[in-house]
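**Q** Got a structure for you, questions after.
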Amino acid sequence: RGKDIRKLITKIENCIIEVLKEYKIDSYADKKNIGIWVGEKNNSKKIAAIGIRVKRWVAYHGFALNVSNNLSHFEKIIPCGIKNKKVTSLKKLGIKNYQNIDNIITKKFLNIFL
């Protein structure tokens with residue numbers, strides 16, 4: 001089961017990385033800290049979170065990609081329990097045209113999962 005869940009997480013990570021490439025954003029997965037990160041490893045910022053739940057042999061999975069949300073809310077919490085890291089978004093990275101992101105996400109997911 002562990003290997004299958006890791007494969008699923010890797011596919012989700014790859015999908016988000018491919019979506020961000022459409023916006024010319026270099027991103028990566030971090031084996032220590034689940035999610036997708038941008039920037040240098042010593043000053044990385046989280047741009048996407050991933051969630052997985054398995055119940056009765058059924059996997060529920062999803063992700064949250066920060067597009068234009070209010071990042072000040074993350075100052076009051078410790079995202080994913082990681083104290084020394086910050087959070088960012090497409091908007092914070094200077095991306096202004098993200099209205100079509102749902103179509104990009106759909107296309108990338110279908111390419112990876114089908």
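Identifiers in the structure tokens: chain A, B, ... in order shown; residue index from 1 per chain; ligand index from 1 in order shown.
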List the neighbours of Asn43 (chain A) out to 10 Å using only C-alpha atoms; skip same-chain residues closer than 2 positions along the sequence, and give me the result as an mmCIF file with all heavy atoms, in the first residue's frame.
**A**
```cif
data_model
loop_
_atom_site.group_PDB
_atom_site.id
_atom_site.type_symbol
_atom_site.label_atom_id
_atom_site.label_comp_id
_atom_site.auth_asym_id
_atom_site.auth_seq_id
_atom_site.Cartn_x
_atom_site.Cartn_y
_atom_site.Cartn_z
ATOM 1 N N TRP A 37 7.191 23.097 -4.311
ATOM 2 C CA TRP A 37 7.987 24.223 -3.826
ATOM 3 C C TRP A 37 8.601 24.993 -4.986
ATOM 4 O O TRP A 37 8.861 24.432 -6.040
ATOM 5 C CB TRP A 37 9.095 23.689 -2.915
ATOM 6 C CG TRP A 37 8.525 22.938 -1.748
ATOM 7 C CD1 TRP A 37 8.132 21.628 -1.731
ATOM 8 C CD2 TRP A 37 8.233 23.458 -0.473
ATOM 9 N NE1 TRP A 37 7.624 21.304 -0.500
ATOM 10 C CE2 TRP A 37 7.675 22.411 0.300
ATOM 11 C CE3 TRP A 37 8.397 24.710 0.125
ATOM 12 C CZ2 TRP A 37 7.276 22.578 1.613
ATOM 13 C CZ3 TRP A 37 8.005 24.881 1.445
ATOM 14 C CH2 TRP A 37 7.452 23.824 2.169
ATOM 15 N N VAL A 38 8.845 26.276 -4.749
ATOM 16 C CA VAL A 38 9.530 27.129 -5.718
ATOM 17 C C VAL A 38 10.675 27.831 -4.996
ATOM 18 O O VAL A 38 10.666 27.971 -3.777
ATOM 19 C CB VAL A 38 8.583 28.173 -6.360
ATOM 20 C CG1 VAL A 38 7.503 27.483 -7.172
ATOM 21 C CG2 VAL A 38 7.969 29.088 -5.318
ATOM 22 N N GLY A 39 11.656 28.263 -5.760
ATOM 23 C CA GLY A 39 12.796 28.971 -5.179
ATOM 24 C C GLY A 39 13.922 28.046 -4.790
ATOM 25 O O GLY A 39 13.834 26.821 -4.937
ATOM 26 N N GLU A 40 14.985 28.658 -4.309
ATOM 27 C CA GLU A 40 16.157 27.894 -3.877
ATOM 28 C C GLU A 40 15.809 27.031 -2.666
ATOM 29 O O GLU A 40 15.016 27.426 -1.824
ATOM 30 C CB GLU A 40 17.302 28.851 -3.524
ATOM 31 C CG GLU A 40 17.754 29.718 -4.682
ATOM 32 C CD GLU A 40 18.305 28.911 -5.843
ATOM 33 O OE1 GLU A 40 19.018 27.926 -5.594
ATOM 34 O OE2 GLU A 40 17.995 29.264 -6.994
ATOM 35 N N LYS A 41 16.433 25.875 -2.577
ATOM 36 C CA LYS A 41 16.119 24.925 -1.499
ATOM 37 C C LYS A 41 16.263 25.546 -0.109
ATOM 38 O O LYS A 41 15.486 25.248 0.777
ATOM 39 C CB LYS A 41 17.003 23.679 -1.613
ATOM 40 C CG LYS A 41 16.795 22.919 -2.891
ATOM 41 C CD LYS A 41 16.104 21.634 -2.664
ATOM 42 C CE LYS A 41 15.981 20.896 -3.987
ATOM 43 N NZ LYS A 41 15.022 19.878 -3.989
ATOM 44 N N LYS A 45 9.649 28.244 -1.046
ATOM 45 C CA LYS A 45 8.304 28.616 -0.628
ATOM 46 C C LYS A 45 7.327 27.601 -1.207
ATOM 47 O O LYS A 45 7.458 27.178 -2.351
ATOM 48 C CB LYS A 45 7.956 30.017 -1.120
ATOM 49 C CG LYS A 45 8.814 31.070 -0.461
ATOM 50 C CD LYS A 45 8.443 32.450 -0.923
ATOM 51 C CE LYS A 45 9.358 33.454 -0.230
ATOM 52 N NZ LYS A 45 9.121 34.801 -0.704
ATOM 53 N N ASN A 84 9.730 26.695 9.416
ATOM 54 C CA ASN A 84 10.731 27.604 8.849
ATOM 55 C C ASN A 84 10.549 27.871 7.357
ATOM 56 O O ASN A 84 11.470 28.300 6.692
ATOM 57 C CB ASN A 84 12.136 27.055 9.108
ATOM 58 C CG ASN A 84 12.353 25.707 8.448
ATOM 59 O OD1 ASN A 84 11.410 25.020 8.103
ATOM 60 N ND2 ASN A 84 13.597 25.329 8.281
ATOM 61 N N LYS A 85 9.361 27.634 6.823
ATOM 62 C CA LYS A 85 9.109 27.833 5.396
ATOM 63 C C LYS A 85 7.949 28.808 5.203
ATOM 64 O O LYS A 85 7.070 28.920 6.036
ATOM 65 C CB LYS A 85 8.771 26.510 4.711
ATOM 66 C CG LYS A 85 9.861 25.463 4.791
ATOM 67 C CD LYS A 85 10.984 25.765 3.859
ATOM 68 C CE LYS A 85 12.005 24.639 3.874
ATOM 69 N NZ LYS A 85 13.109 24.890 3.006
ATOM 70 N N LYS A 86 7.959 29.480 4.080
ATOM 71 C CA LYS A 86 6.907 30.428 3.721
ATOM 72 C C LYS A 86 6.031 29.829 2.621
ATOM 73 O O LYS A 86 6.326 28.781 2.065
ATOM 74 C CB LYS A 86 7.534 31.727 3.218
ATOM 75 C CG LYS A 86 8.433 32.399 4.219
ATOM 76 C CD LYS A 86 7.680 33.417 4.993
ATOM 77 C CE LYS A 86 8.661 34.161 5.893
ATOM 78 N NZ LYS A 86 8.099 34.591 7.092
#
```
**Q** Find the residues around region 95-99 of chain A up to 12 Å (only C-alpha atoms counted), leave out those fewer than 4 positions away in its own chain, and share them as a PyMOL selection string.
**A** chain A and resi 19-20+22-25+65-68+88-91+103-105
**Q** Please extract the residues of region 2-100 of chain A with a backbone DSSP assignment of strand (DSSP E) and present them as a PyMOL selection string.
**A** chain A and resi 27-29+36-38+45-55+58-65+86-87
**Q** Might you pull out every residue within 7 Å of region 112-114 of chain A, with only C-alpha atoms counted and same-chain residues fewer than 3 positions away left off, and present them as a list in words?
**A**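 Non-adjacent residues within range: Lys11, Cys15, Lys108 and Phe109 of chain A.
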**Q** What are the DSSP helix (DSSP H, G or I) residues of region 36-78 of chain A, as a PyMOL selection string?
**A** chain A and resi 41-43+71-76
**Q** With N, CA and C atoms kept, could you save the residues just selected as a tab-separated table (two decimals), in the first residue's frame?
**A**
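Saved file part07.tsv follows:
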```tsv
chain	number	residue	atom	x	y	z
A	41	LYS	N	16.43	25.87	-2.58
A	41	LYS	CA	16.12	24.93	-1.50
A	41	LYS	C	16.26	25.55	-0.11
A	42	ASN	N	17.25	26.43	0.08
A	42	ASN	CA	17.45	27.02	1.41
A	42	ASN	C	16.49	28.19	1.68
A	43	ASN	N	15.74	28.61	0.66
A	43	ASN	CA	14.77	29.69	0.82
A	43	ASN	C	13.51	29.38	0.02
A	71	LEU	N	-2.47	35.41	1.21
A	71	LEU	CA	-1.41	34.65	1.90
A	71	LEU	C	-1.22	35.09	3.34
A	72	SER	N	-1.82	36.20	3.75
A	72	SER	CA	-1.66	36.65	5.14
A	72	SER	C	-2.26	35.65	6.12
A	73	HIS	N	-3.22	34.85	5.66
A	73	HIS	CA	-3.81	33.83	6.54
A	73	HIS	C	-2.77	32.79	6.94
A	74	PHE	N	-1.78	32.56	6.10
A	74	PHE	CA	-0.75	31.57	6.40
A	74	PHE	C	0.25	32.08	7.45
A	75	GLU	N	0.24	33.37	7.73
A	75	GLU	CA	1.13	33.92	8.75
A	75	GLU	C	0.68	33.52	10.15
A	76	LYS	N	-0.58	33.16	10.30
A	76	LYS	CA	-1.15	32.82	11.60
A	76	LYS	C	-1.14	31.33	11.88
```
**Q** Please measure the separation of CA of Ala49 (chain A) and CA of Ile36 (chain A), giving the value in Å to one decimal.
**A** 6.6 Å
**Q** How many Å separate CA of Asn69 (chain A) from CA of Lys21 (chain A)?
**A** 19.8 Å
**Q** Between A:Arg56, A:Lys92, A:His61, A:Lys83, which one has atoms that come closest to Arg6 (chain A), using only C-alpha atoms?
**A**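 Of all the options, A:His61 lies closest to Arg6 (chain A).
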**Q** Give me the residues within 9 Å of Ile5 (chain A) as a list in words, counting only C-alpha atoms and dropping any in the same chain fewer than 4 places off.
**A**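 Close residues of Ile5 (chain A): Arg1, Ile9, Thr10, Ile52, Val54 and Ala59 of chain A.
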**Q** Those residues with all heavy atoms, as a tab-separated table (two decimals), in the first residue's frame please?
**A**
```
chain	number	residue	atom	x	y	z
A	1	ARG	N	0.81	-1.21	0.00
A	1	ARG	CA	0.00	0.00	0.00
A	1	ARG	C	0.84	1.26	0.00
A	1	ARG	O	0.52	2.21	-0.68
A	1	ARG	CB	-0.92	0.03	1.23
A	1	ARG	CG	-2.18	-0.74	1.04
A	1	ARG	CD	-3.15	-0.41	2.11
A	1	ARG	NE	-2.84	-1.16	3.32
A	1	ARG	CZ	-3.52	-1.05	4.43
A	1	ARG	NH1	-4.52	-0.24	4.52
A	1	ARG	NH2	-3.20	-1.75	5.49
A	9	ILE	N	1.05	10.05	-5.03
A	9	ILE	CA	1.56	11.38	-4.65
A	9	ILE	C	2.51	11.90	-5.73
A	9	ILE	O	2.44	13.07	-6.12
A	9	ILE	CB	2.24	11.33	-3.27
A	9	ILE	CG1	1.20	11.07	-2.19
A	9	ILE	CG2	3.00	12.63	-2.99
A	9	ILE	CD1	1.78	10.78	-0.82
A	10	THR	N	3.38	11.05	-6.22
A	10	THR	CA	4.33	11.45	-7.27
A	10	THR	C	3.59	11.92	-8.52
A	10	THR	O	3.98	12.91	-9.13
A	10	THR	CB	5.29	10.30	-7.60
A	10	THR	OG1	6.02	9.96	-6.41
A	10	THR	CG2	6.26	10.67	-8.70
A	52	ILE	N	-3.85	13.22	0.92
A	52	ILE	CA	-4.19	11.83	0.58
A	52	ILE	C	-4.87	11.20	1.79
A	52	ILE	O	-4.45	11.39	2.92
A	52	ILE	CB	-2.93	10.99	0.26
A	52	ILE	CG1	-2.13	11.61	-0.88
A	52	ILE	CG2	-3.28	9.55	-0.01
A	52	ILE	CD1	-2.75	11.47	-2.22
A	54	VAL	N	-6.73	7.28	2.71
A	54	VAL	CA	-7.13	5.95	2.27
A	54	VAL	C	-8.09	5.39	3.32
A	54	VAL	O	-7.77	5.35	4.50
A	54	VAL	CB	-5.92	5.01	2.08
A	54	VAL	CG1	-6.39	3.63	1.67
A	54	VAL	CG2	-4.94	5.59	1.08
A	59	ALA	N	-8.72	5.31	-2.21
A	59	ALA	CA	-7.84	6.47	-2.03
A	59	ALA	C	-8.59	7.74	-2.41
A	59	ALA	O	-9.17	7.84	-3.49
A	59	ALA	CB	-6.59	6.33	-2.88
```
**Q** Record the distance separating CA of Ile78 (chain A) and CA of Gly62 (chain A), expressed in Å with one decimal.
**A**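 Rounded to one decimal, the two atoms are 19.7 Å apart.
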**Q** Compare A:Leu93, A:Ile101, A:Val87, A:Val58 by their minimum atom-to-atom distance to Ile16 (chain A), counting only C-alpha atoms, and give me the closest one.
**A**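 Looking at the shortest contact to Ile16 (chain A), the residue is A:Ile101.
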